[in-house]
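**Q** I am sharing structure_30.pdb, which consists of PDB, C-alpha atoms:
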ATOM      1  CA  MET O  18      78.753 -99.549-165.731
ATOM      2  CA  PHE O  19      81.424-100.483-163.176
ATOM      3  CA  SER O  20      80.899 -99.839-159.499
ATOM      4  CA  THR O  21      83.475 -97.941-157.449
ATOM      5  CA  ALA O  22      84.666-101.167-155.829
ATOM      6  CA  SER O  23      85.119-102.881-159.215
ATOM      7  CA  ALA O  24      87.050 -99.899-160.533
ATOM      8  CA  ARG O  25      89.421-100.012-157.538
ATOM      9  CA  ILE O  26      90.064-103.730-158.052
ATOM     10  CA  MET O  27      90.794-103.285-161.764
ATOM     11  CA  LEU O  28      93.121-100.368-161.021
ATOM     12  CA  SER O  29      95.013-102.408-158.425
ATOM     13  CA  LEU O  30      95.425-105.331-160.850
ATOM     14  CA  LEU O  31      96.705-102.957-163.522
ATOM     15  CA  LEU O  32      99.286-101.452-161.174
ATOM     16  CA  LEU O  33     100.459-104.936-160.179
ATOM     17  CA  SER O  34     100.771-106.060-163.796
ATOM     18  CA  ILE O  35     102.994-103.172-164.925
ATOM     19  CA  PRO O  36     106.132-104.284-163.000
ATOM     20  CA  LEU O  37     105.566-107.853-164.202
ATOM     21  CA  LEU O  38     105.364-106.659-167.815
ATOM     22  CA  PHE O  39     108.625-104.765-167.608
ATOM     23  CA  SER O  40     110.405-107.525-165.723
ATOM     24  CA  THR O  41     109.418-110.028-168.437
ATOM     25  CA  ALA O  42     110.532-107.695-171.178
ATOM     26  CA  SER O  43     113.784-106.949-169.366
ATOM     27  CA  ALA O  44     114.635-110.657-169.234
ATOM     28  CA  ASP O  45     114.554-110.944-173.019
ATOM     29  CA  GLY O  46     115.658-107.374-173.585
ATOM     30  CA  VAL O  47     113.755-104.312-174.763
ATOM     31  CA  PHE O  48     114.608-102.736-178.095
ATOM     32  CA  LYS O  49     113.663 -99.604-179.949
ATOM     33  CA  TRP O  50     113.613 -99.032-183.693
ATOM     34  CA  LYS O  51     112.139 -96.811-186.408
ATOM     35  CA  ASP O  52     109.173 -98.064-188.409
ATOM     36  CA  ARG O  53     108.656 -97.329-192.085
ATOM     37  CA  TYR O  54     106.928 -94.067-191.186
ATOM     38  CA  GLY O  55     109.898 -92.859-189.150
ATOM     39  CA  LYS O  56     108.195 -93.278-185.788
ATOM     40  CA  THR O  57     110.048 -94.828-182.849
ATOM     41  CA  GLN O  58     108.662 -98.181-181.699
ATOM     42  CA  TYR O  59     109.485-100.262-178.607
ATOM     43  CA  GLY O  60     109.248-103.982-177.967
ATOM     44  CA  ASP O  61     111.078-107.190-177.103
ATOM     45  CA  LYS O  62     110.831-108.606-180.638
ATOM     46  CA  PRO O  63     111.808-106.117-183.353
ATOM     47  CA  PRO O  64     110.734-106.982-186.917
ATOM     48  CA  LYS O  65     113.195-108.800-189.114
ATOM     49  CA  GLY O  66     115.390-106.654-191.301
ATOM     50  CA  VAL O  67     115.013-103.613-189.030
ATOM     51  CA  LYS O  68     117.983-102.083-187.238
ATOM     52  CA  ALA O  69     117.110-102.154-183.527
ATOM     53  CA  GLU O  70     119.106-101.109-180.504
ATOM     54  CA  PRO O  71     118.776-102.103-176.846
ATOM     55  CA  PHE O  72     116.629 -99.878-174.677
ATOM     56  CA  THR O  73     116.572 -99.696-170.893
ATOM     57  CA  PRO O  74     113.156 -98.645-169.543
ATOM     58  CA  PRO O  75     113.157 -95.929-166.877
ATOM     59  CA  PRO O  76     112.618 -97.014-163.269
ATOM     60  CA  ILE O  77     108.988 -97.525-162.276
ATOM     61  CA  THR O  78     107.517 -94.971-159.895
ATOM     62  CA  VAL O  79     105.204 -96.579-157.346
ATOM     63  CA  ILE O  80     102.694 -94.307-155.614
ATOM     64  CA  LYS O  81     101.811 -95.616-152.187
ATOM     65  CA  ASN O  82      98.109 -95.886-151.317
ATOM     66  CA  TYR O  83      97.190 -94.762-154.831
ATOM     67  CA  GLY O  84      93.886 -96.624-154.780
ATOM     68  CA  ASN O  85      92.871 -95.176-151.399
ATOM     69  CA  GLN O  86      92.641 -91.642-152.708
ATOM     70  CA  TRP O  87      89.536 -92.644-154.683
ATOM     71  CA  ARG O  88      87.850 -94.204-151.674
ATOM     72  CA  SER O  89      84.505 -92.610-150.865
ATOM     73  CA  SER O  90      84.379 -90.561-147.675
ATOM     74  CA  GLY O  91      80.589 -90.380-147.587
ATOM     75  CA  ALA O  92      80.318 -87.700-150.276
ATOM     76  CA  GLN O  93      80.283 -88.341-153.985
ATOM     77  CA  TYR O  94      83.387 -87.471-155.962
ATOM     78  CA  SER O  95      83.056 -84.359-158.064
ATOM     79  CA  ALA O  96      85.300 -83.394-160.941
ATOM     80  CA  PRO O  97      87.383 -80.216-160.658
ATOM     81  CA  HIS O  98      85.450 -77.082-161.495
ATOM     82  CA  GLN O  99      85.698 -75.988-165.083
ATOM     83  CA  GLU O 100      84.611 -72.672-166.537
ATOM     84  CA  GLU O 101      81.643 -73.073-168.846
ATOM     85  CA  ASN O 102      79.846 -70.686-171.151
ATOM     86  CA  LYS O 103      76.989 -70.176-168.752
ATOM     87  CA  PRO O 104      74.564 -67.248-169.194
ATOM     88  CA  ARG O 105      75.842 -64.216-167.323
ATOM     89  CA  ASP O 106      73.941 -63.135-164.229
ATOM     90  CA  THR O 107      73.255 -59.583-165.307
ATOM     91  CA  GLY O 108      71.084 -58.723-162.316
ATOM     92  CA  GLY O 109      68.104 -57.973-164.559
ATOM     93  CA  ASN O 110      65.051 -59.513-162.921
ATOM     94  CA  TYR O 111      62.695 -56.978-164.511
ATOM     95  CA  GLN O 112      59.038 -57.732-163.930
ATOM     96  CA  SER O 113      57.611 -55.726-166.805
ATOM     97  CA  LEU O 114      58.370 -53.283-169.612
ATOM     98  CA  SER O 115      55.424 -51.649-171.348
ATOM     99  CA  ILE O 116      54.616 -48.684-173.570
ATOM    100  CA  ILE O 117      52.115 -46.327-171.905
ATOM    101  CA  ALA O 118      52.145 -43.638-174.607
ATOM    102  CA  PRO O 119      51.138 -43.656-177.318
ATOM    103  CA  LYS O 120      48.304 -46.109-176.746
ATOM    104  CA  ALA O 121      47.891 -49.129-178.984
ATOM    105  CA  ASP O 122      46.000 -48.250-182.205
ATOM    106  CA  GLN O 123      45.888 -44.575-181.211
ATOM    107  CA  ALA O 124      45.582 -41.885-183.896
ATOM    108  CA  ILE O 125      47.841 -38.930-183.069
ATOM    109  CA  ARG O 126      47.552 -35.498-184.645
ATOM    110  CA  ALA O 127      51.161 -34.402-185.128
ATOM    111  CA  ASN O 128      51.595 -31.983-187.998
ATOM    112  CA  ASP O 129      55.314 -31.699-187.213
ATOM    113  CA  GLY O 130      55.684 -35.495-187.142
ATOM    114  CA  ASP O 131      56.920 -35.562-183.539
ATOM    115  CA  VAL O 132      55.562 -38.145-181.072
ATOM    116  CA  THR O 133      56.746 -38.756-177.516
ATOM    117  CA  LEU O 134      57.118 -42.372-176.399
ATOM    118  CA  MET O 135      56.622 -43.105-172.685
ATOM    119  CA  LEU O 136      57.695 -46.363-171.028
ATOM    120  CA  ASP O 137      56.813 -48.035-167.744
ATOM    121  CA  ILE O 138      59.557 -50.195-166.169
ATOM    122  CA  LYS O 139      59.184 -52.338-163.049
ATOM    123  CA  PRO O 140      61.436 -52.157-161.145
ATOM    124  CA  LYS O 141      63.268 -49.013-162.285
ATOM    125  CA  LEU O 142      66.166 -49.202-164.738
ATOM    126  CA  LYS O 143      69.347 -50.483-163.105
ATOM    127  CA  LYS O 144      72.827 -49.039-163.397
ATOM    128  CA  GLY O 145      74.680 -50.167-166.520
ATOM    129  CA  HIS O 146      71.463 -51.079-168.371
ATOM    130  CA  SER O 147      69.984 -49.185-171.314
ATOM    131  CA  ILE O 148      66.656 -48.813-173.112
ATOM    132  CA  VAL O 149      66.630 -49.544-176.842
ATOM    133  CA  VAL O 150      63.674 -48.344-178.908
ATOM    134  CA  PHE O 151      62.683 -49.741-182.305
ATOM    135  CA  LEU O 152      60.468 -47.878-184.756
ATOM    136  CA  ASP O 153      59.147 -49.765-187.763
ATOM    137  CA  GLY O 154      61.786 -52.471-187.218
ATOM    138  CA  LYS O 155      64.750 -50.076-186.975
ATOM    139  CA  GLN O 156      66.632 -49.016-183.846
ATOM    140  CA  VAL O 157      66.081 -45.297-183.256
ATOM    141  CA  SER O 158      67.210 -44.801-179.656
ATOM    142  CA  ASN O 159      69.564 -46.235-177.040
ATOM    143  CA  GLY O 160      69.641 -44.486-173.671
ATOM    144  CA  THR O 161      68.380 -44.467-170.101
ATOM    145  CA  SER O 162      65.331 -42.170-170.294
ATOM    146  CA  ARG O 163      61.795 -43.558-170.102
ATOM    147  CA  ALA O 164      60.653 -40.733-172.407
ATOM    148  CA  VAL O 165      61.897 -40.880-175.994
ATOM    149  CA  ASN O 166      61.088 -38.323-178.701
ATOM    150  CA  LEU O 167      60.274 -39.825-182.088
ATOM    151  CA  THR O 168      60.759 -37.053-184.639
ATOM    152  CA  GLY O 169      59.920 -36.513-188.264
ATOM    153  CA  LEU O 170      57.396 -39.320-188.533
ATOM    154  CA  ASP O 171      55.542 -39.651-191.823
ATOM    155  CA  ARG O 172      51.775 -39.816-192.008
ATOM    156  CA  GLY O 173      50.323 -43.259-191.573
ATOM    157  CA  LEU O 174      50.761 -46.413-189.507
ATOM    158  CA  HIS O 175      53.866 -47.026-187.372
ATOM    159  CA  GLN O 176      54.996 -49.820-185.056
ATOM    160  CA  VAL O 177      57.132 -49.264-181.966
ATOM    161  CA  SER O 178      58.694 -51.537-179.324
ATOM    162  CA  ALA O 179      61.405 -51.338-176.675
ATOM    163  CA  GLU O 180      63.764 -53.602-174.793
ATOM    164  CA  ILE O 181      66.233 -53.349-171.921
ATOM    165  CA  ARG O 182      69.813 -54.453-172.485
ATOM    166  CA  ASP O 183      72.662 -55.077-170.075
ATOM    167  CA  ALA O 184      76.224 -53.774-170.261
ATOM    168  CA  TYR O 185      77.110 -56.636-172.648
ATOM    169  CA  ASN O 186      74.273 -55.629-175.029
ATOM    170  CA  ALA O 187      72.262 -58.744-174.139
ATOM    171  CA  SER O 188      68.476 -58.341-174.133
ATOM    172  CA  LEU O 189      66.913 -58.739-170.672
ATOM    173  CA  ILE O 190      63.249 -57.967-171.347
ATOM    174  CA  ALA O 191      61.210 -56.688-174.300
ATOM    175  CA  SER O 192      57.921 -54.830-174.473
ATOM    176  CA  PRO O 193      55.016 -55.872-176.680
ATOM    177  CA  SER O 194      54.996 -54.093-180.039
ATOM    178  CA  ILE O 195      52.181 -51.577-180.541
ATOM    179  CA  SER O 196      50.853 -49.732-183.588
ATOM    180  CA  PHE O 197      49.764 -46.112-183.833
ATOM    181  CA  THR O 198      48.809 -43.744-186.630
ATOM    182  CA  VAL O 199      50.245 -40.303-187.250
ATOM    183  CA  LEU O 200      47.857 -37.714-188.697
ATOM    184  CA  ARG O 201      49.535 -34.848-190.513
ATOM    185  CA  THR O 202      48.152 -32.134-192.693
ATOM    186  CA  SER O 203      48.981 -32.835-196.300
ATOM    187  CA  ILE O 204      50.733 -30.118-198.278
ATOM    188  CA  LEU O 205      48.063 -30.705-200.901
ATOM    189  CA  ASN O 206      45.487 -29.339-198.479
ATOM    190  CA  LYS O 207      47.341 -26.099-197.873
ATOM    191  CA  LYS O 208      45.700 -23.114-199.424
ATOM    192  CA  LYS O 209      47.627 -21.531-202.196
ATOM    193  CA  LYS O 210      48.695 -17.959-201.642
ATOM    194  CA  LYS O 211      46.878 -15.455-203.753
ATOM    195  CA  PHE O 212      49.237 -13.264-205.680
ATOM    196  CA  PRO O 213      48.231  -9.626-206.089
ATOM    197  CA  THR O 214      46.800  -8.680-209.416
ATOM    198  CA  TYR O 215      47.828  -5.543-211.173
ATOM    199  CA  PRO O 216      45.560  -3.424-213.304
TER     200      PRO O 216
END
Write the structure described by the file as structure tokens, please.
**A**
Amino acid sequence: MFSTASARIMLSLLLLSIPLLFSTASADGVFKWKDRYGKTQYGDKPPKGVKAEPFTPPPITVIKNYGNQWRSSGAQYSAPHQEENKPRDTGGNYQSLSIIAPKADQAIRANDGDVTLMLDIKPKLKKGHSIVVFLDGKQVSNGTSRAVNLTGLDRGLHQVSAEIRDAYNASLIASPSISFTVLRTSILNKKKKKFPTYP
């Protein structure tokens, strides 16, 4: 690694050598020609058998005190700011998201198959954010209410979880997944209607 002082010295030597290079080339003459790939080349000694024509280099622009602009002023040099794909500050900062109803491993008697999900959020849901609820691995709700009705559930075991998303649909916090069981009366247990008998 080169130090700042070494870099300044090398830069100064390079700037001093450029005029010397062009002055040497100008004494013998500078030519330009096309190579076998059709690209323009420059030099003081064109290859044999190639049609070359004289070329006058443009005047050299000398920037005064060029090396001084890199001199340290007590603070380290920092590159110009560039936009990066940094995570967006969505203003989430949620402490917790939990399911308070139904309880984990709870058995719920719901003959209609309807169960109400209740969530606890700390702090409260912020503007522009939404609550997404998943039932048995599928999204069933996306809104702002802490109470979500789960309807038409079949008998048996179900899993439910929730998460809060920002306006860009990025997940900010997720609740633990819980399981509960829905108890419904089977149609097999329903008593059959007795039809009237006729004499």
**Q** Please write as an MDAnalysis selection string the full residue list that the PyMOL selection byres ((chain O and resi 184) around 6) yields on this file.
**A** chainID O and resid 145:146 183 185:186
**Q** Which residues fall under the PyMOL selection byres ((chain O and resi 156-168) around 9) in this file, as a PyMOL selection string?
**A** chain O and resi 129-138+142+146-155+169-170
**Q** For the residues in the current selection, export C-alpha atoms as an mmCIF file, in the frame of the given file.
**A**
data_model
loop_
_atom_site.group_PDB
_atom_site.id
_atom_site.type_symbol
_atom_site.label_atom_id
_atom_site.label_comp_id
_atom_site.auth_asym_id
_atom_site.auth_seq_id
_atom_site.Cartn_x
_atom_site.Cartn_y
_atom_site.Cartn_z
ATOM 1 C CA ASP O 129 55.314 -31.699 -187.213
ATOM 2 C CA GLY O 130 55.684 -35.495 -187.142
ATOM 3 C CA ASP O 131 56.920 -35.562 -183.539
ATOM 4 C CA VAL O 132 55.562 -38.145 -181.072
ATOM 5 C CA THR O 133 56.746 -38.756 -177.516
ATOM 6 C CA LEU O 134 57.118 -42.372 -176.399
ATOM 7 C CA MET O 135 56.622 -43.105 -172.685
ATOM 8 C CA LEU O 136 57.695 -46.363 -171.028
ATOM 9 C CA ASP O 137 56.813 -48.035 -167.744
ATOM 10 C CA ILE O 138 59.557 -50.195 -166.169
ATOM 11 C CA LEU O 142 66.166 -49.202 -164.738
ATOM 12 C CA HIS O 146 71.463 -51.079 -168.371
ATOM 13 C CA SER O 147 69.984 -49.185 -171.314
ATOM 14 C CA ILE O 148 66.656 -48.813 -173.112
ATOM 15 C CA VAL O 149 66.630 -49.544 -176.842
ATOM 16 C CA VAL O 150 63.674 -48.344 -178.908
ATOM 17 C CA PHE O 151 62.683 -49.741 -182.305
ATOM 18 C CA LEU O 152 60.468 -47.878 -184.756
ATOM 19 C CA ASP O 153 59.147 -49.765 -187.763
ATOM 20 C CA GLY O 154 61.786 -52.471 -187.218
ATOM 21 C CA LYS O 155 64.750 -50.076 -186.975
ATOM 22 C CA GLY O 169 59.920 -36.513 -188.264
ATOM 23 C CA LEU O 170 57.396 -39.320 -188.533
#
**Q** For this structure, which residues satisfy the selection - the PyMOL selection byres ((chain O and resi 174) around 6) - when it is evaluated on the file as given? I want them as an MDAnalysis selection string.
**A** chainID O and resid 173 175 197:198
**Q** Skipping near chain neighbours, those fewer than 2 positions away, what residues fall within 10 Å of segment 49-59 of chain O using only C-alpha atoms, listed as number ranges by chain?
**A** O: 47, 61-64, 67-74
**Q** Can you report as AutoDock Vina command-line options the centre and edge lengths in Å, to one decimal, of an axis-aligned box around the listed atoms of segment 169-173 of chain O padded with 5 Å on each side?
**A**
--center_x 55.1 --center_y -39.9 --center_z -190.1 --size_x 19.6 --size_y 16.7 --size_z 13.7
**Q** Atom CA of Thr202 of chain O to atom CA of Ala179 of chain O: how many Å, to one decimal?
**A** 28.3 Å
**Q** Find the residue from O:Arg182, O:Ala191, O:Lys144, O:Arg172 that sits nearest to Ser113 of chain O; use all atoms listed in the file when measuring.
**A**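 Closest to Ser113 of chain O, using all atoms listed in the file: O:Ala191.
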**Q** Point out the residue among O:Met27, O:Lys65, O:Leu189, O:Val177 with the least atom-to-atom distance to Ala121 of chain O, counting only C-alpha atoms.
**A**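 For Ala121 of chain O, the nearest of the given residues is O:Val177.
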